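Data file: upload_9.txt. Format and content: compact mmCIF, C-alpha atoms (C1' of nucleotides).
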# COMPACT_ATOMS: atom_id res chain seq x y z
CA MET A 1 48.95 99.18 0.92
CA GLN A 2 51.79 97.97 3.02
CA ARG A 3 53.82 96.94 0.00
CA PRO A 4 54.18 99.41 -2.83
CA PHE A 5 52.23 98.66 -5.98
CA VAL A 6 54.09 96.80 -8.68
CA HIS A 7 53.44 97.95 -12.23
CA PRO A 8 55.09 95.89 -14.93
CA PRO A 9 56.88 97.86 -17.64
CA ILE A 10 55.01 97.80 -20.92
CA GLU A 11 57.67 95.62 -22.51
CA THR A 12 56.83 92.73 -20.25
CA VAL A 13 53.07 93.02 -20.78
CA THR A 14 51.76 90.05 -22.75
CA LEU A 15 48.59 89.50 -24.74
CA GLU A 16 47.86 86.35 -22.80
CA GLY A 17 48.08 88.30 -19.58
CA LEU A 18 45.75 90.99 -20.87
CA LEU A 19 43.19 88.51 -22.15
CA TYR A 20 43.42 86.50 -18.97
CA ALA A 21 42.76 89.62 -16.91
CA LEU A 22 39.89 90.72 -19.16
CA ALA A 23 38.29 87.28 -19.34
CA ASP A 24 36.69 87.61 -15.94
CA PRO A 25 33.28 89.36 -16.01
CA VAL A 26 34.04 91.33 -12.87
CA ARG A 27 37.37 92.57 -14.17
CA LEU A 28 35.95 93.38 -17.60
CA GLU A 29 33.30 95.49 -15.92
CA ILE A 30 35.96 97.28 -13.89
CA ILE A 31 37.92 98.05 -17.04
CA ARG A 32 34.74 99.25 -18.69
CA LYS A 33 34.14 101.68 -15.88
CA LEU A 34 37.75 102.85 -15.92
CA GLY A 35 37.68 103.22 -19.68
CA THR A 36 34.43 105.12 -19.80
CA GLY A 37 34.98 108.77 -19.02
CA THR A 38 36.42 109.02 -15.57
CA CYS A 39 40.17 108.69 -15.50
CA GLY A 40 40.62 107.54 -11.93
CA MET A 41 38.41 105.45 -9.67
CA ASN A 42 38.99 103.89 -6.32
CA CYS A 43 38.48 100.19 -5.83
CA GLN A 44 35.09 100.40 -4.16
CA SER A 45 33.51 102.54 -6.81
CA ALA A 46 34.89 100.43 -9.66
CA ALA A 47 34.13 96.99 -8.26
CA PRO A 48 30.70 95.50 -7.57
CA VAL A 49 29.39 96.39 -4.13
CA THR A 50 28.18 92.86 -3.48
CA MET A 51 31.70 91.50 -3.64
CA ALA A 52 34.02 90.90 -0.71
CA LYS A 53 36.76 93.47 -0.28
CA SER A 54 39.43 90.81 -0.44
CA THR A 55 38.07 89.63 -3.77
CA GLN A 56 38.04 93.17 -5.10
CA SER A 57 41.62 93.62 -4.01
CA HIS A 58 42.54 90.36 -5.71
CA HIS A 59 40.96 91.43 -9.00
CA PHE A 60 42.69 94.80 -8.96
CA GLN A 61 45.96 93.04 -8.29
CA ILE A 62 45.46 90.84 -11.35
CA LEU A 63 44.57 93.83 -13.51
CA ARG A 64 47.63 95.63 -12.20
CA GLU A 65 49.99 92.71 -12.75
CA ALA A 66 48.63 92.22 -16.24
CA GLY A 67 49.62 95.81 -16.98
CA LEU A 68 46.09 97.02 -17.58
CA ILE A 69 45.79 99.54 -14.78
CA LYS A 70 47.92 101.87 -12.74
CA SER A 71 47.19 102.13 -9.01
CA GLU A 72 48.17 105.14 -6.93
CA ARG A 73 47.71 105.71 -3.25
CA ARG A 74 45.79 108.94 -2.77
CA GLY A 75 45.32 109.49 0.90
CA VAL A 76 43.30 106.65 2.36
CA GLU A 77 42.13 105.37 -0.98
CA VAL A 78 43.70 103.94 -4.10
CA VAL A 79 43.03 105.56 -7.43
CA ASN A 80 43.10 103.25 -10.43
CA SER A 81 43.39 104.26 -14.05
CA LEU A 82 43.68 102.51 -17.39
CA ARG A 83 47.11 102.37 -19.03
CA CYS A 84 45.49 102.76 -22.44
CA ASP A 85 48.23 104.77 -24.13
CA GLU A 86 51.01 102.44 -23.11
CA ILE A 87 49.06 99.35 -24.11
CA ALA A 88 48.16 100.97 -27.42
CA THR A 89 51.86 101.30 -28.08
CA LYS A 90 52.33 97.57 -27.93
CA PHE A 91 48.90 96.33 -29.01
CA PRO A 92 47.28 99.04 -31.13
CA GLY A 93 43.50 98.87 -31.16
CA LEU A 94 43.25 95.94 -28.81
CA VAL A 95 41.70 97.54 -25.75
CA PRO A 96 39.43 99.84 -27.79
CA ALA A 97 38.15 96.83 -29.74
CA ILE A 98 37.38 94.95 -26.55
CA LEU A 99 35.77 97.97 -24.90
CA LYS A 100 33.69 98.51 -27.99
CA ALA A 101 32.59 94.89 -27.93
CA ALA A 102 31.85 95.21 -24.24
CA ASP A 103 29.65 98.14 -25.04
CA VAL A 104 27.76 96.11 -27.60
CA LYS A 105 27.32 93.39 -25.05
CA GLY A 106 26.14 95.75 -22.37
CA ARG A 107 23.49 97.14 -24.67
CA GLY A 108 22.21 93.79 -25.84
CA GLY A 109 23.50 94.09 -29.36
CA ALA A 110 21.08 96.78 -30.46
CA ALA A 111 21.96 100.37 -31.14
CA MET B 1 32.40 61.96 -31.00
CA GLN B 2 29.48 60.06 -29.62
CA ARG B 3 27.38 63.12 -28.94
CA PRO B 4 26.84 65.57 -31.74
CA PHE B 5 28.72 68.85 -31.48
CA VAL B 6 26.82 71.72 -29.94
CA HIS B 7 27.36 75.07 -31.59
CA PRO B 8 25.68 78.00 -29.87
CA PRO B 9 23.79 80.37 -32.15
CA ILE B 10 25.59 83.65 -32.58
CA GLU B 11 22.93 85.50 -30.59
CA THR B 12 23.89 83.66 -27.43
CA VAL B 13 27.62 84.21 -27.88
CA THR B 14 28.94 86.60 -25.24
CA LEU B 15 32.07 88.71 -25.07
CA GLU B 16 32.89 87.24 -21.68
CA GLY B 17 32.73 83.77 -23.15
CA LEU B 18 34.96 84.73 -26.05
CA LEU B 19 37.54 86.39 -23.82
CA TYR B 20 37.43 83.51 -21.39
CA ALA B 21 38.08 81.06 -24.19
CA LEU B 22 40.87 83.18 -25.65
CA ALA B 23 42.52 83.85 -22.31
CA ASP B 24 44.22 80.46 -22.22
CA PRO B 25 47.58 80.41 -24.04
CA VAL B 26 46.85 77.02 -25.56
CA ARG B 27 43.46 78.07 -26.88
CA LEU B 28 44.79 81.37 -28.16
CA GLU B 29 47.43 79.47 -30.09
CA ILE B 30 44.78 77.17 -31.52
CA ILE B 31 42.74 80.15 -32.68
CA ARG B 32 45.86 81.68 -34.17
CA LYS B 33 46.46 78.55 -36.21
CA LEU B 34 42.84 78.37 -37.28
CA GLY B 35 42.80 82.05 -38.17
CA THR B 36 45.99 81.98 -40.16
CA GLY B 37 45.37 80.73 -43.64
CA THR B 38 44.01 77.22 -43.39
CA CYS B 39 40.27 77.09 -42.99
CA GLY B 40 39.97 73.71 -41.33
CA MET B 41 42.27 71.83 -39.00
CA ASN B 42 41.81 68.71 -36.97
CA CYS B 43 42.41 68.75 -33.24
CA GLN B 44 45.81 67.13 -33.31
CA SER B 45 47.28 69.52 -35.83
CA ALA B 46 45.88 72.59 -34.11
CA ALA B 47 46.76 71.68 -30.52
CA PRO B 48 50.25 71.26 -29.04
CA VAL B 49 51.62 67.77 -29.50
CA THR B 50 52.92 67.62 -25.95
CA MET B 51 49.43 67.85 -24.57
CA ALA B 52 47.21 64.97 -23.54
CA LYS B 53 44.42 64.15 -25.97
CA SER B 54 41.80 64.62 -23.29
CA THR B 55 43.10 68.10 -22.59
CA GLN B 56 43.02 68.96 -26.28
CA SER B 57 39.45 67.75 -26.47
CA HIS B 58 38.58 69.86 -23.45
CA HIS B 59 40.04 73.01 -24.99
CA PHE B 60 38.22 72.48 -28.27
CA GLN B 61 35.01 71.99 -26.36
CA ILE B 62 35.49 75.32 -24.59
CA LEU B 63 36.27 77.08 -27.87
CA ARG B 64 33.20 75.48 -29.41
CA GLU B 65 30.88 76.37 -26.53
CA ALA B 66 32.19 79.93 -26.55
CA GLY B 67 31.11 80.14 -30.17
CA LEU B 68 34.60 80.65 -31.54
CA ILE B 69 34.88 77.54 -33.68
CA LYS B 70 32.77 75.16 -35.66
CA SER B 71 33.58 71.44 -35.44
CA GLU B 72 32.60 68.93 -38.13
CA ARG B 73 33.15 65.21 -38.18
CA ARG B 74 35.02 64.36 -41.38
CA GLY B 75 35.58 60.65 -41.42
CA VAL B 76 37.67 59.64 -38.47
CA GLU B 77 38.79 63.15 -37.67
CA VAL B 78 37.17 66.41 -36.65
CA VAL B 79 37.72 69.51 -38.71
CA ASN B 80 37.62 72.79 -36.83
CA SER B 81 37.23 76.22 -38.32
CA LEU B 82 36.89 79.74 -37.02
CA ARG B 83 33.44 81.33 -37.03
CA CYS B 84 34.95 84.69 -37.93
CA ASP B 85 32.14 86.01 -40.10
CA GLU B 86 29.43 85.26 -37.59
CA ILE B 87 31.41 86.72 -34.71
CA ALA B 88 32.19 89.79 -36.79
CA THR B 89 28.46 90.31 -37.11
CA LYS B 90 28.06 90.67 -33.39
CA PHE B 91 31.49 91.99 -32.39
CA PRO B 92 33.00 93.75 -35.41
CA GLY B 93 36.77 93.90 -35.34
CA LEU B 94 37.14 91.96 -32.12
CA VAL B 95 38.75 88.75 -33.33
CA PRO B 96 40.91 90.49 -35.94
CA ALA B 97 42.22 92.87 -33.26
CA ILE B 98 43.10 89.99 -30.99
CA LEU B 99 44.69 87.98 -33.79
CA LYS B 100 46.68 91.01 -34.81
CA ALA B 101 47.85 91.48 -31.23
CA ALA B 102 48.68 87.78 -31.06
CA ASP B 103 50.78 88.23 -34.14
CA VAL B 104 52.66 91.12 -32.57
CA LYS B 105 53.24 89.00 -29.51
CA GLY B 106 54.48 86.04 -31.52
CA ARG B 107 57.01 88.22 -33.28
CA GLY B 108 58.27 89.85 -30.12
CA GLY B 109 56.95 93.30 -30.91
CA ALA B 110 59.36 94.05 -33.73
CA ALA B 111 58.41 94.35 -37.36
C1' DC C 1 35.56 41.00 -38.49
C1' DC C 2 39.95 42.93 -36.65
C1' DC C 3 42.83 46.59 -35.94
C1' DA C 4 44.65 51.26 -36.23
C1' DT C 5 43.38 56.12 -35.90
C1' DT C 6 40.91 60.16 -33.92
C1' DG C 7 38.40 62.06 -30.30
C1' DT C 8 35.40 61.74 -26.26
C1' DT C 9 34.13 60.58 -21.45
C1' DC C 10 35.15 59.56 -16.77
C1' DA C 11 37.51 59.73 -12.26
C1' DA C 12 41.37 61.49 -9.61
C1' DG C 13 44.97 64.72 -8.50
C1' DT C 14 46.61 69.40 -8.91
C1' DT C 15 46.01 74.11 -9.44
C1' DT C 16 43.43 78.43 -9.08
C1' DA C 17 39.48 81.51 -7.35
C1' DT C 18 36.48 83.26 -3.50
C1' DT C 19 35.67 84.60 1.04
C1' DG C 20 35.69 86.06 6.16
C1' DA C 21 38.73 87.52 9.70
C1' DA C 22 42.64 89.94 11.12
C1' DC C 23 45.86 93.41 9.98
C1' DT C 24 48.12 97.85 7.99
C1' DA C 25 47.84 102.79 6.64
C1' DT C 26 45.95 107.14 6.33
C1' DT C 27 42.68 110.81 7.83
C1' DG C 28 40.13 113.72 10.96
C1' DA C 29 38.72 115.06 15.53
C1' DA C 30 39.43 115.86 20.32
C1' DT D 1 49.13 112.20 20.72
C1' DT D 2 45.31 109.23 21.12
C1' DC D 3 40.93 107.38 19.39
C1' DA D 4 37.89 106.04 15.93
C1' DA D 5 36.63 105.54 11.07
C1' DT D 6 37.74 104.47 6.33
C1' DA D 7 40.15 101.94 2.42
C1' DG D 8 42.76 98.03 1.06
C1' DT D 9 45.80 94.18 1.89
C1' DT D 10 47.18 89.62 3.62
C1' DC D 11 46.26 85.07 5.29
C1' DA D 12 44.07 80.47 5.81
C1' DA D 13 40.35 77.58 4.38
C1' DT D 14 36.82 76.15 1.17
C1' DA D 15 34.94 75.80 -3.59
C1' DA D 16 35.59 75.67 -8.50
C1' DA D 17 38.23 74.69 -12.65
C1' DC D 18 42.28 72.62 -15.18
C1' DT D 19 45.13 68.48 -16.50
C1' DT D 20 45.76 63.87 -17.30
C1' DG D 21 45.73 58.58 -17.88
C1' DA D 22 42.66 54.88 -18.81
C1' DA D 23 38.68 53.19 -20.94
C1' DC D 24 35.28 53.87 -24.50
C1' DA D 25 33.06 55.15 -29.15
C1' DA D 26 33.19 55.92 -34.19
C1' DT D 27 35.09 55.77 -38.63
C1' DG D 28 38.05 53.51 -42.33
C1' DG D 29 41.22 49.99 -44.40
C1' DG D 30 42.69 45.14 -45.02
Encoded form (structure tokens):
Amino acid sequence: MQRPFVHPPIETVTLEGLLYALADPVRLEIIRKLGTGTCGMNCQSAAPVTMAKSTQSHHFQILREAGLIKSERRGVEVVNSLRCDEIATKFPGLVPAILKAADVKGRGGAA
Amino acid sequence: MQRPFVHPPIETVTLEGLLYALADPVRLEIIRKLGTGTCGMNCQSAAPVTMAKSTQSHHFQILREAGLIKSERRGVEVVNSLRCDEIATKFPGLVPAILKAADVKGRGGAA
DNA sequence: CCCATTGTTCAAGTTTATTGAACTATTGAA
DNA sequence: TTCAATAGTTCAATAAACTTGAACAATGGG
């Protein structure tokens, strides 16, 4: 909040960084929520309630630095959204494939 | 070597586990090598030469436990191969999408 | 059997993640 | 403006995971 959010330009976004950010169950779930329907979510609604605020903040920072999300201060809260279009420019089909797989996982593999 | 290799059945393979295993640059590179052409590679040829043997062994163990690779003792060496078909059964298009993105990355984004 | 080769296991040091407490920023009300 | 509440961030300390060298195990050739 005190320091402005740093969003890496898409050119500097790396696959390793994306996979690293998505490898954590908590962060994958956040991305799932951001990718499903709603375009913008604040940190509290996107992260698990049982988790410490500092940990939430840390995870959003990693997602942001990986280039996965864009964070904007909207009043007292921070609205986060997926940078799907930009990422698709560099890695076409990557995020959709992972979100699709996450959906399979979430449903236990059945239809 | 002493204990037999443990390969999880495909039903117990999770997306989180796959992403976690692929998030490491070293392991992603290993998977790239295994996925590109050659069907079987031993640990030394698939892992970076600059890396300690124990670290290589550790990375292959993680890839194996994630369900990404199959390891077979062939004489004095261990032959590793990608379990692409099985993974495709549970997560269609996942590994190809990541390998494709890894290829883009390796080439710097240009054609 | 003896030795070289290929990996594994173990213990120790280094790095990274998680958390509570304190702090910053914005909003609304008085 | 001042006070209180809300939403996140930053910091310091603890817990977990990564990396590595040394010792060990297993196979194959002489």
For chain B, work out the contacting residues on chain C at 9 Å, counting only C-alpha atoms (C1' of nucleotides), and write them as an MDAnalysis selection string. chainID C and resid 5:9
May I have the residues from that selection written out with C-alpha atoms (C1' of nucleotides), as a tab-separated table (two decimals), in the frame of the given file?
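Dumped everything to result-v9.tsv:
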chain	number	residue	atom	x	y	z
C	5	DT	C1'	43.38	56.12	-35.90
C	6	DT	C1'	40.91	60.16	-33.92
C	7	DG	C1'	38.40	62.06	-30.30
C	8	DT	C1'	35.40	61.74	-26.26
C	9	DT	C1'	34.13	60.58	-21.45
Contact set, chain B to chain A: 8 Å, all atoms listed in the file, as an MDAnalysis selection string: chainID B and resid 14:25 28 90:94 97:98 101:102 104:105 109
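Of note, atom C1' of D:DT1 and atom C1' of C:DC23 are spaced 21.9 Å apart.
What separates atom CA of B:Asn80 from atom CA of B:Leu63 is a distance of 10.0 Å.
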Near-C:DA17 list (10 Å; all atoms listed in the file; drop same-chain fewer than 4 positions) as a ChimeraX atom specification: /A:55,58 /D:15-17
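Taking atom CA of B:Thr36 as the reference point, atom CA of B:Phe60 is found at 17.1 Å.
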Tell me as a ChimeraX atom specification which residues belonging to chain D come within 9 Å of chain A, counting only C-alpha atoms (C1' of nucleotides). /D:6-10
Completion step: stretch 23-54 of chain A with N, CA and C atoms as a PDB file, in the coordinates of the input:
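Contents of rebuild.pdb, as written:
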ATOM      1  N   ALA A  23      39.217  88.390 -19.130  1.00  0.00           N
ATOM      2  CA  ALA A  23      38.290  87.280 -19.340  1.00  0.00           C
ATOM      3  C   ALA A  23      37.262  87.186 -18.219  1.00  0.00           C
ATOM      4  N   ASP A  24      37.604  87.691 -17.065  1.00  0.00           N
ATOM      5  CA  ASP A  24      36.690  87.610 -15.940  1.00  0.00           C
ATOM      6  C   ASP A  24      35.633  88.714 -16.041  1.00  0.00           C
ATOM      7  N   PRO A  25      34.354  88.372 -15.893  1.00  0.00           N
ATOM      8  CA  PRO A  25      33.280  89.360 -16.010  1.00  0.00           C
ATOM      9  C   PRO A  25      33.458  90.541 -15.065  1.00  0.00           C
ATOM     10  N   VAL A  26      33.864  90.255 -13.849  1.00  0.00           N
ATOM     11  CA  VAL A  26      34.040  91.330 -12.870  1.00  0.00           C
ATOM     12  C   VAL A  26      35.143  92.282 -13.325  1.00  0.00           C
ATOM     13  N   ARG A  27      36.250  91.723 -13.776  1.00  0.00           N
ATOM     14  CA  ARG A  27      37.370  92.570 -14.170  1.00  0.00           C
ATOM     15  C   ARG A  27      37.058  93.328 -15.458  1.00  0.00           C
ATOM     16  N   LEU A  28      36.334  92.679 -16.372  1.00  0.00           N
ATOM     17  CA  LEU A  28      35.950  93.380 -17.600  1.00  0.00           C
ATOM     18  C   LEU A  28      35.066  94.574 -17.279  1.00  0.00           C
ATOM     19  N   GLU A  29      34.178  94.384 -16.321  1.00  0.00           N
ATOM     20  CA  GLU A  29      33.300  95.490 -15.920  1.00  0.00           C
ATOM     21  C   GLU A  29      34.108  96.610 -15.277  1.00  0.00           C
ATOM     22  N   ILE A  30      35.096  96.263 -14.503  1.00  0.00           N
ATOM     23  CA  ILE A  30      35.960  97.280 -13.890  1.00  0.00           C
ATOM     24  C   ILE A  30      36.661  98.082 -14.979  1.00  0.00           C
ATOM     25  N   ILE A  31      37.205  97.375 -15.953  1.00  0.00           N
ATOM     26  CA  ILE A  31      37.920  98.050 -17.040  1.00  0.00           C
ATOM     27  C   ILE A  31      36.961  98.926 -17.832  1.00  0.00           C
ATOM     28  N   ARG A  32      35.746  98.436 -18.007  1.00  0.00           N
ATOM     29  CA  ARG A  32      34.740  99.250 -18.690  1.00  0.00           C
ATOM     30  C   ARG A  32      34.519 100.560 -17.967  1.00  0.00           C
ATOM     31  N   LYS A  33      34.376 100.465 -16.658  1.00  0.00           N
ATOM     32  CA  LYS A  33      34.140 101.680 -15.880  1.00  0.00           C
ATOM     33  C   LYS A  33      35.348 102.607 -15.955  1.00  0.00           C
ATOM     34  N   LEU A  34      36.533 102.035 -15.865  1.00  0.00           N
ATOM     35  CA  LEU A  34      37.750 102.850 -15.920  1.00  0.00           C
ATOM     36  C   LEU A  34      37.923 103.465 -17.303  1.00  0.00           C
ATOM     37  N   GLY A  35      37.489 102.744 -18.314  1.00  0.00           N
ATOM     38  CA  GLY A  35      37.680 103.220 -19.680  1.00  0.00           C
ATOM     39  C   GLY A  35      36.628 104.207 -20.125  1.00  0.00           C
ATOM     40  N   THR A  36      35.530 104.247 -19.405  1.00  0.00           N
ATOM     41  CA  THR A  36      34.430 105.120 -19.800  1.00  0.00           C
ATOM     42  C   THR A  36      34.493 106.420 -19.020  1.00  0.00           C
ATOM     43  N   GLY A  37      35.012 107.456 -19.656  1.00  0.00           N
ATOM     44  CA  GLY A  37      34.980 108.770 -19.020  1.00  0.00           C
ATOM     45  C   GLY A  37      36.016 108.947 -17.933  1.00  0.00           C
ATOM     46  N   THR A  38      35.572 108.741 -16.723  1.00  0.00           N
ATOM     47  CA  THR A  38      36.420 109.020 -15.570  1.00  0.00           C
ATOM     48  C   THR A  38      37.802 108.400 -15.705  1.00  0.00           C
ATOM     49  N   CYS A  39      38.810 109.170 -15.353  1.00  0.00           N
ATOM     50  CA  CYS A  39      40.170 108.690 -15.500  1.00  0.00           C
ATOM     51  C   CYS A  39      40.615 107.881 -14.305  1.00  0.00           C
ATOM     52  N   GLY A  40      40.183 108.258 -13.122  1.00  0.00           N
ATOM     53  CA  GLY A  40      40.620 107.540 -11.930  1.00  0.00           C
ATOM     54  C   GLY A  40      39.448 107.148 -11.063  1.00  0.00           C
ATOM     55  N   MET A  41      39.467 105.917 -10.561  1.00  0.00           N
ATOM     56  CA  MET A  41      38.410 105.450  -9.670  1.00  0.00           C
ATOM     57  C   MET A  41      39.045 104.647  -8.555  1.00  0.00           C
ATOM     58  N   ASN A  42      38.483 104.748  -7.384  1.00  0.00           N
ATOM     59  CA  ASN A  42      38.990 103.890  -6.320  1.00  0.00           C
ATOM     60  C   ASN A  42      38.364 102.503  -6.460  1.00  0.00           C
ATOM     61  N   CYS A  43      38.878 101.579  -5.666  1.00  0.00           N
ATOM     62  CA  CYS A  43      38.480 100.190  -5.830  1.00  0.00           C
ATOM     63  C   CYS A  43      36.994  99.999  -5.582  1.00  0.00           C
ATOM     64  N   GLN A  44      36.481 100.634  -4.532  1.00  0.00           N
ATOM     65  CA  GLN A  44      35.090 100.400  -4.160  1.00  0.00           C
ATOM     66  C   GLN A  44      34.117 100.896  -5.196  1.00  0.00           C
ATOM     67  N   SER A  45      34.441 102.004  -5.833  1.00  0.00           N
ATOM     68  CA  SER A  45      33.510 102.540  -6.810  1.00  0.00           C
ATOM     69  C   SER A  45      33.596 101.795  -8.131  1.00  0.00           C
ATOM     70  N   ALA A  46      34.731 101.134  -8.386  1.00  0.00           N
ATOM     71  CA  ALA A  46      34.890 100.430  -9.660  1.00  0.00           C
ATOM     72  C   ALA A  46      34.433  98.990  -9.572  1.00  0.00           C
ATOM     73  N   ALA A  47      34.497  98.400  -8.398  1.00  0.00           N
ATOM     74  CA  ALA A  47      34.130  96.990  -8.260  1.00  0.00           C
ATOM     75  C   ALA A  47      32.688  96.868  -7.775  1.00  0.00           C
ATOM     76  N   PRO A  48      32.063  95.709  -8.028  1.00  0.00           N
ATOM     77  CA  PRO A  48      30.700  95.500  -7.570  1.00  0.00           C
ATOM     78  C   PRO A  48      30.615  95.590  -6.047  1.00  0.00           C
ATOM     79  N   VAL A  49      29.533  96.175  -5.561  1.00  0.00           N
ATOM     80  CA  VAL A  49      29.390  96.390  -4.130  1.00  0.00           C
ATOM     81  C   VAL A  49      29.148  95.066  -3.404  1.00  0.00           C
ATOM     82  N   THR A  50      28.555  94.119  -4.116  1.00  0.00           N
ATOM     83  CA  THR A  50      28.180  92.860  -3.480  1.00  0.00           C
ATOM     84  C   THR A  50      29.383  91.974  -3.214  1.00  0.00           C
ATOM     85  N   MET A  51      30.526  92.373  -3.692  1.00  0.00           N
ATOM     86  CA  MET A  51      31.700  91.500  -3.640  1.00  0.00           C
ATOM     87  C   MET A  51      32.554  91.781  -2.399  1.00  0.00           C
ATOM     88  N   ALA A  52      33.160  90.741  -1.877  1.00  0.00           N
ATOM     89  CA  ALA A  52      34.020  90.900  -0.710  1.00  0.00           C
ATOM     90  C   ALA A  52      35.210  91.795  -1.042  1.00  0.00           C
ATOM     91  N   LYS A  53      35.642  92.561  -0.064  1.00  0.00           N
ATOM     92  CA  LYS A  53      36.760  93.470  -0.280  1.00  0.00           C
ATOM     93  C   LYS A  53      38.007  92.716  -0.712  1.00  0.00           C
ATOM     94  N   SER A  54      38.220  91.591  -0.110  1.00  0.00           N
ATOM     95  CA  SER A  54      39.430  90.810  -0.440  1.00  0.00           C
ATOM     96  C   SER A  54      39.397  90.363  -1.891  1.00  0.00           C
TER      97      SER A  54
END
